[in-house]
Amino acid sequence: MPRITLPDGSIREFDRPVTAHEVAADIGAGLAKAALGATINGELCDLSTTIQADATVALITPMDRKTGESGTEALALLRHSCAHVMAEAVQCIIPGIQLVYGPAVENGFYYDLSMPDDRPLRQEDFSAIEKEMARIIAEDRPFTRVECSVSEGMGKLKAEGSKYKIDNAERAIAAGSETLSWYVTGEPNQHWEDLCRGPHVPSTGRIGAFKIMSIASSYWHGDANSDRLTRLYGTAFADKKQLKQYLERLEEAGKRDHRILGKQLKLFHIDEEVGQGLILWMPNGAIVRRELETFISTELIKQGYSMVYTPHIGKLDLYRRSGHFPYYQDSQYPPLINPDYLRKLADDGCTCAELSNHLRTGEIDGYLLKPMNCPHHIKIYDSQPHSYRDLPVRLAEFGTVYRWEQSGEIGGLTRVRCFTVDDAHLFCTEDQLAQEVQGCLSLVKIIFRTLGLENYRVRVGLRDPKSDKYVGESSNWDRAEAVCLEAAGSLGVPFVEEIGEAAFYGPKIDFIVKDVLGREWQLGTIQVDYNLPERFDLSYIGPDNQPHRPVMIHRAPFGSMERFVGVLIEHFAGAFPTWLAPEQVRVLTISEKSLAYGQKVRDALFAASIRVTLDNSDDRIQAKIKVATDMKIPFLLVVGPRDAEQNAVSVRSRGYRQDLGAVSLESFVEAIGREIASRGSETVLTALFEKQPA
RNA sequence: GCCACCGUAGCUCAGUGGUAGAGCACACCCUUGGUAAGGGUGAGGUCAUGGGUUCGAGUCCCAUCGGUGGCUCCA
């Protein structure tokens with residue numbers, strides 16, 4: 001007879017099998033009423049699930065009574081259940097839709113649908129669908145689980161003839177399921193049902209608040225060559241208040257969007273006439289980028305790197321040898337072809353179709369906009385012989401590369417067609433590999449710490465032993481993977497090992513951050529490479545006076561300047577720390593009478609290499625403050641007759657909605673100079689006002 | 001590349017087949033004001049581009065370009 005262990009460690013004994021709901025009722029009537037489901041031995045289940053044997057049971061309620069927040073299990077139950085309700089509503093409104101797959105996801109749920117040919121799903125349909133959903137929820141129909149044997153279930157599915165549901169069932173069976181289950185929203189044989197493993201909330205009425213969010217397309221099994229499906233996204237919460245909070249959070253996040261802020265703060269511009277995914281850095285954005293480049297260059301010099309410059313193009317043959325062409329041809333701009341060569345082809349009667357074919361197969365001479373910097377750096381390494389005494393050679397460049405990204409994937413600064421990698425290639429001996437990878441990691445650490453980036457995850461990409469796409473000796477791989485794992489472990493942040501995420505030429509360590517909309521972007525990367533040294537027959541002379549093959553490390557702590565700045569804009573919500581801020585100080589004169597003193601203050605800051613402007617427009621001070629605040633300038637110096645008399649400035653700092661008081665011009669210049677030089681580890685606020693930065 | 005939605009002044013947006021609008025920004029004038037927008041006047045648009053329907057198109061239809069959200073891809 002089941003002994004039930006509850007989360008607080010207490011034990012309840014029953015003299016017969018009980019449902020999770022009965023366990024809840026045994027604890028209290030209120031809990032029985034509130035519970036949405038239960039975890040039984042850690043597995044999320046329906047409240048109606050019968051417990052036969054001893055088990056650990058936790059009841060899932062819509063939200064925590066103390067915090068008012070919903071747990072992930074409660075949300076998963078609500079959202080998955082809401083997906084069913086939405087599917088029923090859609091099928092009711094638009095006949096002929098086939099259901100495919102409808103899971104709960106991080107911020108809600110979706111349902112993939114196969115639409116009838118003549119009837120696309122549109123945004124205008126949302127309100128009708130939501131109305132129907134509200135009706136189903138108001139009816140408060142029970143979610144009823146109907147279970148049957150595999151053979152019986154498959155018979156039923158085949159009779160219904162939905163290839164998508166048959167496929168889902170076959171996958172469940174392949175995964176070891178011994179039965180198939182349906183969930184009916186209501187009474188079996190009377191109400192709507194869907195093949196589903198569950199679990200669900202007890203009844204439709206328990207879905208507190210929901211909203212259909214957006215419509216998108218998807219592919220069956222995620223395969224672009226397979227059926228195209230319509231994906232309807234929605235979200236659900238325990239109550240209306242939480243839904244409202246979520247929608248407000250989304251709106252707030254939208255204001256941090258780097259594309260919006262980039263326009264407001266005049267950081268960058270993308271021009272239709274220049275081209276998709278081609279970033280024009282405006283003066284303000286260029287300052288941020290240059291400061292970052294200066295910062296990283298300083299660290300590189302400390303670590304013994306050599307800076308190099310290389311051109312934006314190279315001969316096709318170079319990229320044939322490196323393997324970039326034609327292997328990665330789909331994501332490259334087409335080759336640049338010598339006009340004389342092109343003319344010769346034309347004279348020989350080459351048709352456009354033939355030319356296209358030549359381009360595809362690579363049977364053509366020309367130049368390529370470089371998709372990566374490594375071949376050029378390799379050629380610098382290989383331009384002279386190397387002794388083991390020279391190694392490691394560390395070549396660094398802010399190297400601009402070009403990639404032909406799919407049009408639908410381009411957007412803002414995070415996915416572009418031309419970007420600059422804070423690239424470097426390290427050539428070292430096997431013995432030096434571990435130390436060099438460590439060096440790369442410490443660089444990433446310094447950068448992330450200086451910028452206060454904490455919300456990132458680390459992924460160690462390892463080879464998939466089942467795949468044969470990898471190059472290089474197995475023993476080298478073993479060693480390189482061990483090096484990466486050990487280095488990642490020493491980093492002091494959690495990391496995940498992902499099998500199959502290695503590059504074909506070696507394992508890698510990636511740094512991944514989320515943007516304001518929750519999308520993940522790979523920033524920094526460190527990759528060990530055995531392939532290119534082989535392809536380019538690189539060598540160094542060892543202590544044994546014999547040539548040896550060096551190992552290469554590719555590494556880019558920012559990833560690309562474009563993506564990194566995009567992520568930084570959102571990280572700081574446009575309010576850059578003083579050392580990065582395009583405009584560090586704005587001097588605001590009270591009236592024209594203080595113009596001369598305002599100029600004096602500005603010139604004093606100029607002389608200290610501070611980025612400063614003077615607002616001597618005839619607006620009132622309130623208006624000047626409003627405008628400067630909107631531009632997120634770190635420091636505003638209000639100057640009037642009073643300040644001029646004492647050679648002082650009245651300071652207003654971003655984040656403090658008040659006058660912090662007057663300090664001498666001299667002390668302000670000194671304090672802000674230190675703040676900038678220390679990249680924010682010392683601040684004007686603590687030096688002059690004993691306040692913490694807001 | 002695929003599906004849905006969108007494209008009106010430098011920016012944010014209104015305008016559902018009948019004379020192109022507002023706020024901000026910009027220019028000029030008044031105001032000389034001590035901490036989150038003082039007042040007035042003016043200039044500024046081939047309504048993304050190209051076709052079509054219509055007596056008449058910013059508005060309806062088609063195509064192209066570009067943007068947004070997903071999908072797929074991402075060395």
# chains A, B, ... in the order shown; residues from 1 in each chain; ligands from 1
$ residues_around --residues "range 299-311 of chain A" --least-positions-apart "5" --cutoff "9 Å" --atoms "only C-alpha atoms (C1' of nucleotides)" --output "PyMOL selection string"
chain A and resi 294+370+373+376-377+380+393-400+424+426+439+443+446
$ write_last_selection --atoms "N, CA and C atoms" --output "JSON list (two decimals), in the first residue's frame"
[["chain", "number", "residue", "atom", "x", "y", "z"],
["A", 294, "THR", "N", 40.40, 49.53, -28.94],
["A", 294, "THR", "CA", 41.56, 50.00, -28.20],
["A", 294, "THR", "C", 41.77, 49.16, -26.94],
["A", 370, "LYS", "N", 36.94, 37.79, -48.62],
["A", 370, "LYS", "CA", 37.35, 36.74, -47.69],
["A", 370, "LYS", "C", 36.23, 36.38, -46.70],
["A", 373, "ASN", "N", 39.58, 35.04, -41.95],
["A", 373, "ASN", "CA", 40.90, 35.67, -41.98],
["A", 373, "ASN", "C", 42.05, 34.67, -41.94],
["A", 376, "HIS", "N", 44.94, 34.22, -44.75],
["A", 376, "HIS", "CA", 45.89, 35.32, -44.85],
["A", 376, "HIS", "C", 46.91, 35.25, -43.70],
["A", 377, "HIS", "N", 46.42, 34.96, -42.52],
["A", 377, "HIS", "CA", 47.33, 34.90, -41.37],
["A", 377, "HIS", "C", 48.30, 33.72, -41.51],
["A", 380, "ILE", "N", 51.10, 34.69, -43.62],
["A", 380, "ILE", "CA", 52.10, 35.50, -42.91],
["A", 380, "ILE", "C", 53.03, 34.57, -42.11],
["A", 393, "VAL", "N", 53.52, 31.84, -32.12],
["A", 393, "VAL", "CA", 53.32, 33.06, -32.92],
["A", 393, "VAL", "C", 51.86, 33.42, -32.80],
["A", 394, "ARG", "N", 51.59, 34.65, -32.38],
["A", 394, "ARG", "CA", 50.18, 35.06, -32.19],
["A", 394, "ARG", "C", 49.90, 36.26, -33.08],
["A", 395, "LEU", "N", 49.13, 36.04, -34.15],
["A", 395, "LEU", "CA", 48.83, 37.10, -35.11],
["A", 395, "LEU", "C", 47.39, 37.58, -34.94],
["A", 396, "ALA", "N", 47.23, 38.87, -34.68],
["A", 396, "ALA", "CA", 45.90, 39.41, -34.41],
["A", 396, "ALA", "C", 45.54, 40.51, -35.40],
["A", 397, "GLU", "N", 44.26, 40.58, -35.72],
["A", 397, "GLU", "CA", 43.78, 41.60, -36.65],
["A", 397, "GLU", "C", 42.28, 41.80, -36.43],
["A", 398, "PHE", "N", 41.84, 43.05, -36.50],
["A", 398, "PHE", "CA", 40.40, 43.27, -36.60],
["A", 398, "PHE", "C", 40.08, 43.06, -38.07],
["A", 399, "GLY", "N", 39.78, 41.85, -38.41],
["A", 399, "GLY", "CA", 39.70, 41.45, -39.82],
["A", 399, "GLY", "C", 38.27, 41.38, -40.31],
["A", 400, "THR", "N", 38.02, 42.09, -41.39],
["A", 400, "THR", "CA", 36.66, 42.17, -41.92],
["A", 400, "THR", "C", 36.39, 41.03, -42.89],
["A", 424, "ALA", "N", 42.30, 36.37, -34.14],
["A", 424, "ALA", "CA", 43.73, 36.09, -33.99],
["A", 424, "ALA", "C", 43.94, 34.62, -34.24],
["A", 426, "LEU", "N", 46.78, 31.63, -33.41],
["A", 426, "LEU", "CA", 47.96, 31.28, -32.63],
["A", 426, "LEU", "C", 48.55, 30.01, -33.21],
["A", 439, "GLY", "N", 45.34, 31.07, -22.02],
["A", 439, "GLY", "CA", 45.57, 32.50, -22.27],
["A", 439, "GLY", "C", 44.38, 33.14, -22.96],
["A", 443, "LEU", "N", 41.70, 36.09, -21.48],
["A", 443, "LEU", "CA", 41.36, 37.30, -22.23],
["A", 443, "LEU", "C", 39.85, 37.49, -22.25],
["A", 446, "ILE", "N", 38.68, 38.68, -18.87],
["A", 446, "ILE", "CA", 38.95, 40.10, -18.61],
["A", 446, "ILE", "C", 37.91, 40.96, -19.30]]
$ interface_residues --of "chain B" --to "chain A" --cutoff "7 Å" --atoms "only C-alpha atoms (C1' of nucleotides)" --output "list of chain:residue names"
B:G1, B:C3, B:A4, B:U32, B:G33, B:G34, B:U35, B:A36, B:A37, B:G66, B:G69, B:G70, B:C71, B:U72
$ residues_around --residues "A48 in chain B" --least-positions-apart "6" --cutoff "12 Å" --atoms "only C-alpha atoms (C1' of nucleotides)" --output "list of chain:residue names"
A:Glu272, A:Glu273, B:C6, B:G7, B:U8, B:G58, B:U64, B:C65, B:G66, B:G67
$ select_by_dssp --residues "range 205-279 of chain A" --states "strand (DSSP E or B)" --output "PDB file with all heavy atoms, in the first residue's frame"
ATOM      1  N   ALA A 209      -5.041  32.727 -17.969  1.00  0.00           N
ATOM      2  CA  ALA A 209      -4.980  33.824 -18.919  1.00  0.00           C
ATOM      3  C   ALA A 209      -4.133  33.378 -20.099  1.00  0.00           C
ATOM      4  O   ALA A 209      -3.165  32.646 -19.931  1.00  0.00           O
ATOM      5  CB  ALA A 209      -4.381  35.061 -18.279  1.00  0.00           C
ATOM      6  N   PHE A 210      -4.532  33.798 -21.284  1.00  0.00           N
ATOM      7  CA  PHE A 210      -3.796  33.367 -22.467  1.00  0.00           C
ATOM      8  C   PHE A 210      -3.847  34.444 -23.535  1.00  0.00           C
ATOM      9  O   PHE A 210      -4.672  35.371 -23.447  1.00  0.00           O
ATOM     10  CB  PHE A 210      -4.416  32.075 -23.031  1.00  0.00           C
ATOM     11  CG  PHE A 210      -5.765  32.305 -23.639  1.00  0.00           C
ATOM     12  CD1 PHE A 210      -5.885  32.602 -24.993  1.00  0.00           C
ATOM     13  CD2 PHE A 210      -6.917  32.252 -22.873  1.00  0.00           C
ATOM     14  CE1 PHE A 210      -7.127  32.843 -25.552  1.00  0.00           C
ATOM     15  CE2 PHE A 210      -8.162  32.486 -23.430  1.00  0.00           C
ATOM     16  CZ  PHE A 210      -8.273  32.780 -24.779  1.00  0.00           C
ATOM     17  N   LYS A 211      -2.971  34.333 -24.511  1.00  0.00           N
ATOM     18  CA  LYS A 211      -2.994  35.245 -25.648  1.00  0.00           C
ATOM     19  C   LYS A 211      -2.287  34.598 -26.825  1.00  0.00           C
ATOM     20  O   LYS A 211      -1.257  33.952 -26.647  1.00  0.00           O
ATOM     21  CB  LYS A 211      -2.288  36.553 -25.283  1.00  0.00           C
ATOM     22  CG  LYS A 211      -2.329  37.619 -26.365  1.00  0.00           C
ATOM     23  CD  LYS A 211      -1.740  38.915 -25.819  1.00  0.00           C
ATOM     24  CE  LYS A 211      -1.422  39.919 -26.929  1.00  0.00           C
ATOM     25  NZ  LYS A 211      -2.592  40.286 -27.731  1.00  0.00           N
ATOM     26  N   ILE A 212      -2.872  34.756 -28.011  1.00  0.00           N
ATOM     27  CA  ILE A 212      -2.184  34.299 -29.217  1.00  0.00           C
ATOM     28  C   ILE A 212      -1.180  35.378 -29.590  1.00  0.00           C
ATOM     29  O   ILE A 212      -1.533  36.551 -29.677  1.00  0.00           O
ATOM     30  CB  ILE A 212      -3.173  34.049 -30.366  1.00  0.00           C
ATOM     31  CG1 ILE A 212      -4.154  32.952 -29.952  1.00  0.00           C
ATOM     32  CG2 ILE A 212      -2.430  33.658 -31.636  1.00  0.00           C
ATOM     33  CD1 ILE A 212      -5.198  32.647 -30.991  1.00  0.00           C
ATOM     34  N   MET A 213       0.073  35.007 -29.778  1.00  0.00           N
ATOM     35  CA  MET A 213       1.124  36.002 -29.931  1.00  0.00           C
ATOM     36  C   MET A 213       1.494  36.277 -31.386  1.00  0.00           C
ATOM     37  O   MET A 213       1.572  37.408 -31.801  1.00  0.00           O
ATOM     38  CB  MET A 213       2.389  35.548 -29.193  1.00  0.00           C
ATOM     39  CG  MET A 213       2.204  35.340 -27.702  1.00  0.00           C
ATOM     40  SD  MET A 213       1.686  36.824 -26.834  1.00  0.00           S
ATOM     41  CE  MET A 213       3.203  37.782 -26.905  1.00  0.00           C
ATOM     42  N   SER A 214       1.771  35.248 -32.131  1.00  0.00           N
ATOM     43  CA  SER A 214       2.273  35.502 -33.480  1.00  0.00           C
ATOM     44  C   SER A 214       2.124  34.267 -34.346  1.00  0.00           C
ATOM     45  O   SER A 214       1.818  33.172 -33.877  1.00  0.00           O
ATOM     46  CB  SER A 214       3.742  35.913 -33.433  1.00  0.00           C
ATOM     47  OG  SER A 214       4.510  34.850 -32.924  1.00  0.00           O
ATOM     48  N   ILE A 215       2.375  34.463 -35.594  1.00  0.00           N
ATOM     49  CA  ILE A 215       2.238  33.395 -36.564  1.00  0.00           C
ATOM     50  C   ILE A 215       3.566  33.292 -37.304  1.00  0.00           C
ATOM     51  O   ILE A 215       4.234  34.295 -37.505  1.00  0.00           O
ATOM     52  CB  ILE A 215       1.070  33.734 -37.506  1.00  0.00           C
ATOM     53  CG1 ILE A 215       0.623  32.544 -38.307  1.00  0.00           C
ATOM     54  CG2 ILE A 215       1.402  34.889 -38.399  1.00  0.00           C
ATOM     55  CD1 ILE A 215      -0.712  32.812 -38.957  1.00  0.00           C
ATOM     56  N   ALA A 216       3.962  32.106 -37.640  1.00  0.00           N
ATOM     57  CA  ALA A 216       5.244  31.922 -38.319  1.00  0.00           C
ATOM     58  C   ALA A 216       5.141  30.664 -39.167  1.00  0.00           C
ATOM     59  O   ALA A 216       4.155  29.935 -39.068  1.00  0.00           O
ATOM     60  CB  ALA A 216       6.358  31.774 -37.301  1.00  0.00           C
ATOM     61  N   SER A 217       6.138  30.440 -39.983  1.00  0.00           N
ATOM     62  CA  SER A 217       6.116  29.185 -40.719  1.00  0.00           C
ATOM     63  C   SER A 217       7.196  28.276 -40.148  1.00  0.00           C
ATOM     64  O   SER A 217       8.141  28.716 -39.520  1.00  0.00           O
ATOM     65  CB  SER A 217       6.332  29.418 -42.219  1.00  0.00           C
ATOM     66  OG  SER A 217       7.691  29.347 -42.529  1.00  0.00           O
ATOM     67  N   SER A 218       7.027  27.013 -40.340  1.00  0.00           N
ATOM     68  CA  SER A 218       8.031  26.068 -39.884  1.00  0.00           C
ATOM     69  C   SER A 218       8.045  24.904 -40.865  1.00  0.00           C
ATOM     70  O   SER A 218       7.251  24.858 -41.792  1.00  0.00           O
ATOM     71  CB  SER A 218       7.697  25.584 -38.474  1.00  0.00           C
ATOM     72  OG  SER A 218       6.470  24.877 -38.485  1.00  0.00           O
ATOM     73  N   TYR A 219       8.965  24.003 -40.662  1.00  0.00           N
ATOM     74  CA  TYR A 219       9.051  22.834 -41.523  1.00  0.00           C
ATOM     75  C   TYR A 219       8.803  21.577 -40.706  1.00  0.00           C
ATOM     76  O   TYR A 219       9.186  21.517 -39.531  1.00  0.00           O
ATOM     77  CB  TYR A 219      10.432  22.750 -42.172  1.00  0.00           C
ATOM     78  CG  TYR A 219      10.775  23.928 -43.029  1.00  0.00           C
ATOM     79  CD1 TYR A 219      11.686  24.883 -42.589  1.00  0.00           C
ATOM     80  CD2 TYR A 219      10.176  24.103 -44.273  1.00  0.00           C
ATOM     81  CE1 TYR A 219      12.000  25.976 -43.370  1.00  0.00           C
ATOM     82  CE2 TYR A 219      10.484  25.196 -45.053  1.00  0.00           C
ATOM     83  CZ  TYR A 219      11.400  26.123 -44.600  1.00  0.00           C
ATOM     84  OH  TYR A 219      11.697  27.204 -45.381  1.00  0.00           O
ATOM     85  N   ARG A 228       5.777  22.295 -45.484  1.00  0.00           N
ATOM     86  CA  ARG A 228       5.812  23.584 -44.811  1.00  0.00           C
ATOM     87  C   ARG A 228       4.571  23.697 -43.918  1.00  0.00           C
ATOM     88  O   ARG A 228       3.458  23.411 -44.367  1.00  0.00           O
ATOM     89  CB  ARG A 228       5.834  24.712 -45.828  1.00  0.00           C
ATOM     90  CG  ARG A 228       6.215  26.035 -45.231  1.00  0.00           C
ATOM     91  CD  ARG A 228       6.352  27.090 -46.290  1.00  0.00           C
ATOM     92  NE  ARG A 228       5.166  27.192 -47.098  1.00  0.00           N
ATOM     93  CZ  ARG A 228       5.119  26.953 -48.394  1.00  0.00           C
ATOM     94  NH1 ARG A 228       6.181  26.608 -49.040  1.00  0.00           N
ATOM     95  NH2 ARG A 228       3.983  27.070 -49.041  1.00  0.00           N
ATOM     96  N   LEU A 229       4.787  24.073 -42.680  1.00  0.00           N
ATOM     97  CA  LEU A 229       3.692  24.141 -41.720  1.00  0.00           C
ATOM     98  C   LEU A 229       3.501  25.577 -41.253  1.00  0.00           C
ATOM     99  O   LEU A 229       4.390  26.415 -41.408  1.00  0.00           O
ATOM    100  CB  LEU A 229       4.013  23.261 -40.506  1.00  0.00           C
ATOM    101  CG  LEU A 229       4.375  21.810 -40.832  1.00  0.00           C
ATOM    102  CD1 LEU A 229       4.890  21.095 -39.594  1.00  0.00           C
ATOM    103  CD2 LEU A 229       3.168  21.078 -41.418  1.00  0.00           C
ATOM    104  N   THR A 230       2.329  25.843 -40.694  1.00  0.00           N
ATOM    105  CA  THR A 230       2.069  27.146 -40.107  1.00  0.00           C
ATOM    106  C   THR A 230       2.155  26.997 -38.603  1.00  0.00           C
ATOM    107  O   THR A 230       1.517  26.115 -38.040  1.00  0.00           O
ATOM    108  CB  THR A 230       0.669  27.640 -40.507  1.00  0.00           C
ATOM    109  OG1 THR A 230       0.632  27.768 -41.924  1.00  0.00           O
ATOM    110  CG2 THR A 230       0.367  28.975 -39.864  1.00  0.00           C
ATOM    111  N   ARG A 231       2.983  27.818 -37.985  1.00  0.00           N
ATOM    112  CA  ARG A 231       3.161  27.705 -36.538  1.00  0.00           C
ATOM    113  C   ARG A 231       2.483  28.887 -35.854  1.00  0.00           C
ATOM    114  O   ARG A 231       2.777  30.030 -36.161  1.00  0.00           O
ATOM    115  CB  ARG A 231       4.648  27.672 -36.187  1.00  0.00           C
ATOM    116  CG  ARG A 231       4.895  27.604 -34.688  1.00  0.00           C
ATOM    117  CD  ARG A 231       6.348  27.363 -34.382  1.00  0.00           C
ATOM    118  NE  ARG A 231       6.787  26.039 -34.828  1.00  0.00           N
ATOM    119  CZ  ARG A 231       8.012  25.559 -34.623  1.00  0.00           C
ATOM    120  NH1 ARG A 231       8.913  26.288 -34.002  1.00  0.00           N
ATOM    121  NH2 ARG A 231       8.329  24.359 -35.048  1.00  0.00           N
ATOM    122  N   LEU A 232       1.556  28.565 -34.968  1.00  0.00           N
ATOM    123  CA  LEU A 232       0.837  29.594 -34.245  1.00  0.00           C
ATOM    124  C   LEU A 232       1.390  29.623 -32.818  1.00  0.00           C
ATOM    125  O   LEU A 232       1.364  28.617 -32.116  1.00  0.00           O
ATOM    126  CB  LEU A 232      -0.650  29.230 -34.251  1.00  0.00           C
ATOM    127  CG  LEU A 232      -1.675  30.309 -33.959  1.00  0.00           C
ATOM    128  CD1 LEU A 232      -1.465  31.545 -34.808  1.00  0.00           C
ATOM    129  CD2 LEU A 232      -3.083  29.749 -34.170  1.00  0.00           C
ATOM    130  N   TYR A 233       1.920  30.793 -32.429  1.00  0.00           N
ATOM    131  CA  TYR A 233       2.493  30.941 -31.093  1.00  0.00           C
ATOM    132  C   TYR A 233       1.495  31.580 -30.143  1.00  0.00           C
ATOM    133  O   TYR A 233       0.779  32.506 -30.520  1.00  0.00           O
ATOM    134  CB  TYR A 233       3.728  31.853 -31.135  1.00  0.00           C
ATOM    135  CG  TYR A 233       4.998  31.176 -31.589  1.00  0.00           C
ATOM    136  CD1 TYR A 233       5.351  31.148 -32.925  1.00  0.00           C
ATOM    137  CD2 TYR A 233       5.845  30.578 -30.667  1.00  0.00           C
ATOM    138  CE1 TYR A 233       6.526  30.530 -33.352  1.00  0.00           C
ATOM    139  CE2 TYR A 233       7.023  29.974 -31.070  1.00  0.00           C
ATOM    140  CZ  TYR A 233       7.353  29.945 -32.418  1.00  0.00           C
ATOM    141  OH  TYR A 233       8.513  29.342 -32.819  1.00  0.00           O
ATOM    142  N   GLY A 234       1.465  31.092 -28.924  1.00  0.00           N
ATOM    143  CA  GLY A 234       0.637  31.708 -27.897  1.00  0.00           C
ATOM    144  C   GLY A 234       1.348  31.632 -26.566  1.00  0.00           C
ATOM    145  O   GLY A 234       2.407  31.019 -26.450  1.00  0.00           O
ATOM    146  N   THR A 235       0.761  32.267 -25.570  1.00  0.00           N
ATOM    147  CA  THR A 235       1.310  32.111 -24.245  1.00  0.00           C
ATOM    148  C   THR A 235       0.162  32.014 -23.252  1.00  0.00           C
ATOM    149  O   THR A 235      -0.962  32.416 -23.556  1.00  0.00           O
ATOM    150  CB  THR A 235       2.279  33.247 -23.882  1.00  0.00           C
ATOM    151  OG1 THR A 235       2.995  32.872 -22.703  1.00  0.00           O
ATOM    152  CG2 THR A 235       1.560  34.566 -23.622  1.00  0.00           C
ATOM    153  N   ALA A 236       0.442  31.465 -22.081  1.00  0.00           N
ATOM    154  CA  ALA A 236      -0.580  31.324 -21.050  1.00  0.00           C
ATOM    155  C   ALA A 236       0.063  31.482 -19.687  1.00  0.00           C
ATOM    156  O   ALA A 236       1.237  31.142 -19.505  1.00  0.00           O
ATOM    157  CB  ALA A 236      -1.254  29.959 -21.154  1.00  0.00           C
ATOM    158  N   PHE A 237      -0.732  32.025 -18.776  1.00  0.00           N
ATOM    159  CA  PHE A 237      -0.264  32.229 -17.396  1.00  0.00           C
ATOM    160  C   PHE A 237      -1.347  31.830 -16.426  1.00  0.00           C
ATOM    161  O   PHE A 237      -2.496  31.618 -16.813  1.00  0.00           O
ATOM    162  CB  PHE A 237       0.122  33.703 -17.188  1.00  0.00           C
ATOM    163  CG  PHE A 237       1.409  34.067 -17.844  1.00  0.00           C
ATOM    164  CD1 PHE A 237       1.420  34.550 -19.140  1.00  0.00           C
ATOM    165  CD2 PHE A 237       2.614  33.918 -17.173  1.00  0.00           C
ATOM    166  CE1 PHE A 237       2.614  34.862 -19.768  1.00  0.00           C
ATOM    167  CE2 PHE A 237       3.811  34.239 -17.793  1.00  0.00           C
ATOM    168  CZ  PHE A 237       3.811  34.704 -19.089  1.00  0.00           C
ATOM    169  N   PHE A 268      24.302  53.514 -35.538  1.00  0.00           N
ATOM    170  CA  PHE A 268      24.580  52.909 -36.841  1.00  0.00           C
ATOM    171  C   PHE A 268      23.382  53.070 -37.760  1.00  0.00           C
ATOM    172  O   PHE A 268      22.284  53.388 -37.303  1.00  0.00           O
ATOM    173  CB  PHE A 268      24.933  51.423 -36.688  1.00  0.00           C
ATOM    174  CG  PHE A 268      23.806  50.586 -36.138  1.00  0.00           C
ATOM    175  CD1 PHE A 268      22.909  49.945 -36.988  1.00  0.00           C
ATOM    176  CD2 PHE A 268      23.629  50.449 -34.774  1.00  0.00           C
ATOM    177  CE1 PHE A 268      21.866  49.182 -36.473  1.00  0.00           C
ATOM    178  CE2 PHE A 268      22.595  49.681 -34.254  1.00  0.00           C
ATOM    179  CZ  PHE A 268      21.704  49.051 -35.116  1.00  0.00           C
ATOM    180  N   HIS A 269      23.633  52.868 -39.020  1.00  0.00           N
ATOM    181  CA  HIS A 269      22.572  53.031 -40.010  1.00  0.00           C
ATOM    182  C   HIS A 269      22.699  51.905 -41.021  1.00  0.00           C
ATOM    183  O   HIS A 269      23.806  51.508 -41.385  1.00  0.00           O
ATOM    184  CB  HIS A 269      22.724  54.397 -40.687  1.00  0.00           C
ATOM    185  CG  HIS A 269      21.812  54.605 -41.841  1.00  0.00           C
ATOM    186  ND1 HIS A 269      20.440  54.696 -41.689  1.00  0.00           N
ATOM    187  CD2 HIS A 269      22.052  54.723 -43.172  1.00  0.00           C
ATOM    188  CE1 HIS A 269      19.884  54.868 -42.881  1.00  0.00           C
ATOM    189  NE2 HIS A 269      20.837  54.886 -43.798  1.00  0.00           N
ATOM    190  N   ILE A 270      21.556  51.378 -41.418  1.00  0.00           N
ATOM    191  CA  ILE A 270      21.556  50.372 -42.470  1.00  0.00           C
ATOM    192  C   ILE A 270      20.753  50.955 -43.613  1.00  0.00           C
ATOM    193  O   ILE A 270      19.610  51.376 -43.408  1.00  0.00           O
ATOM    194  CB  ILE A 270      20.942  49.049 -41.984  1.00  0.00           C
ATOM    195  CG1 ILE A 270      21.761  48.491 -40.821  1.00  0.00           C
ATOM    196  CG2 ILE A 270      20.889  48.034 -43.128  1.00  0.00           C
ATOM    197  CD1 ILE A 270      21.073  47.380 -40.064  1.00  0.00           C
ATOM    198  N   ILE A 279      26.525  47.226 -42.496  1.00  0.00           N
ATOM    199  CA  ILE A 279      26.388  48.215 -41.430  1.00  0.00           C
ATOM    200  C   ILE A 279      27.196  49.465 -41.739  1.00  0.00           C
ATOM    201  O   ILE A 279      28.384  49.389 -42.039  1.00  0.00           O
ATOM    202  CB  ILE A 279      26.887  47.639 -40.086  1.00  0.00           C
ATOM    203  CG1 ILE A 279      26.168  46.327 -39.759  1.00  0.00           C
ATOM    204  CG2 ILE A 279      26.713  48.661 -38.962  1.00  0.00           C
ATOM    205  CD1 ILE A 279      24.676  46.427 -39.635  1.00  0.00           C
TER     206      ILE A 279
END
$ select_by_dssp --residues "range 253-451 of chain A" --states "alpha helix (DSSP H)" --output "PyMOL selection string"
chain A and resi 253-256+258-264+283-302+316-322+339-347+352-361+374-381+433-451
$ residues_around --residues "Arg679 in chain A" --least-positions-apart "4" --cutoff "12 Å" --atoms "only C-alpha atoms (C1' of nucleotides)" --output "list of chain:residue names"
A:Glu291, A:Leu292, A:Thr294, A:Phe295, A:Ile446, A:Ile447, A:Arg449, A:Thr450, A:Leu451, A:Gly452, A:Phe576, A:Pro577, A:Thr578, A:Trp579, A:Leu580, A:Ala581, A:Ile672, A:Gly673, A:Arg674, A:Glu675, A:Thr683, A:Val684
$ residues_around --residues "C30 in chain B" --least-positions-apart "3" --cutoff "12 Å" --atoms "only C-alpha atoms (C1' of nucleotides)" --output "VMD selection string"
(chain A and resid 618) or (chain B and resid 38 to 41)
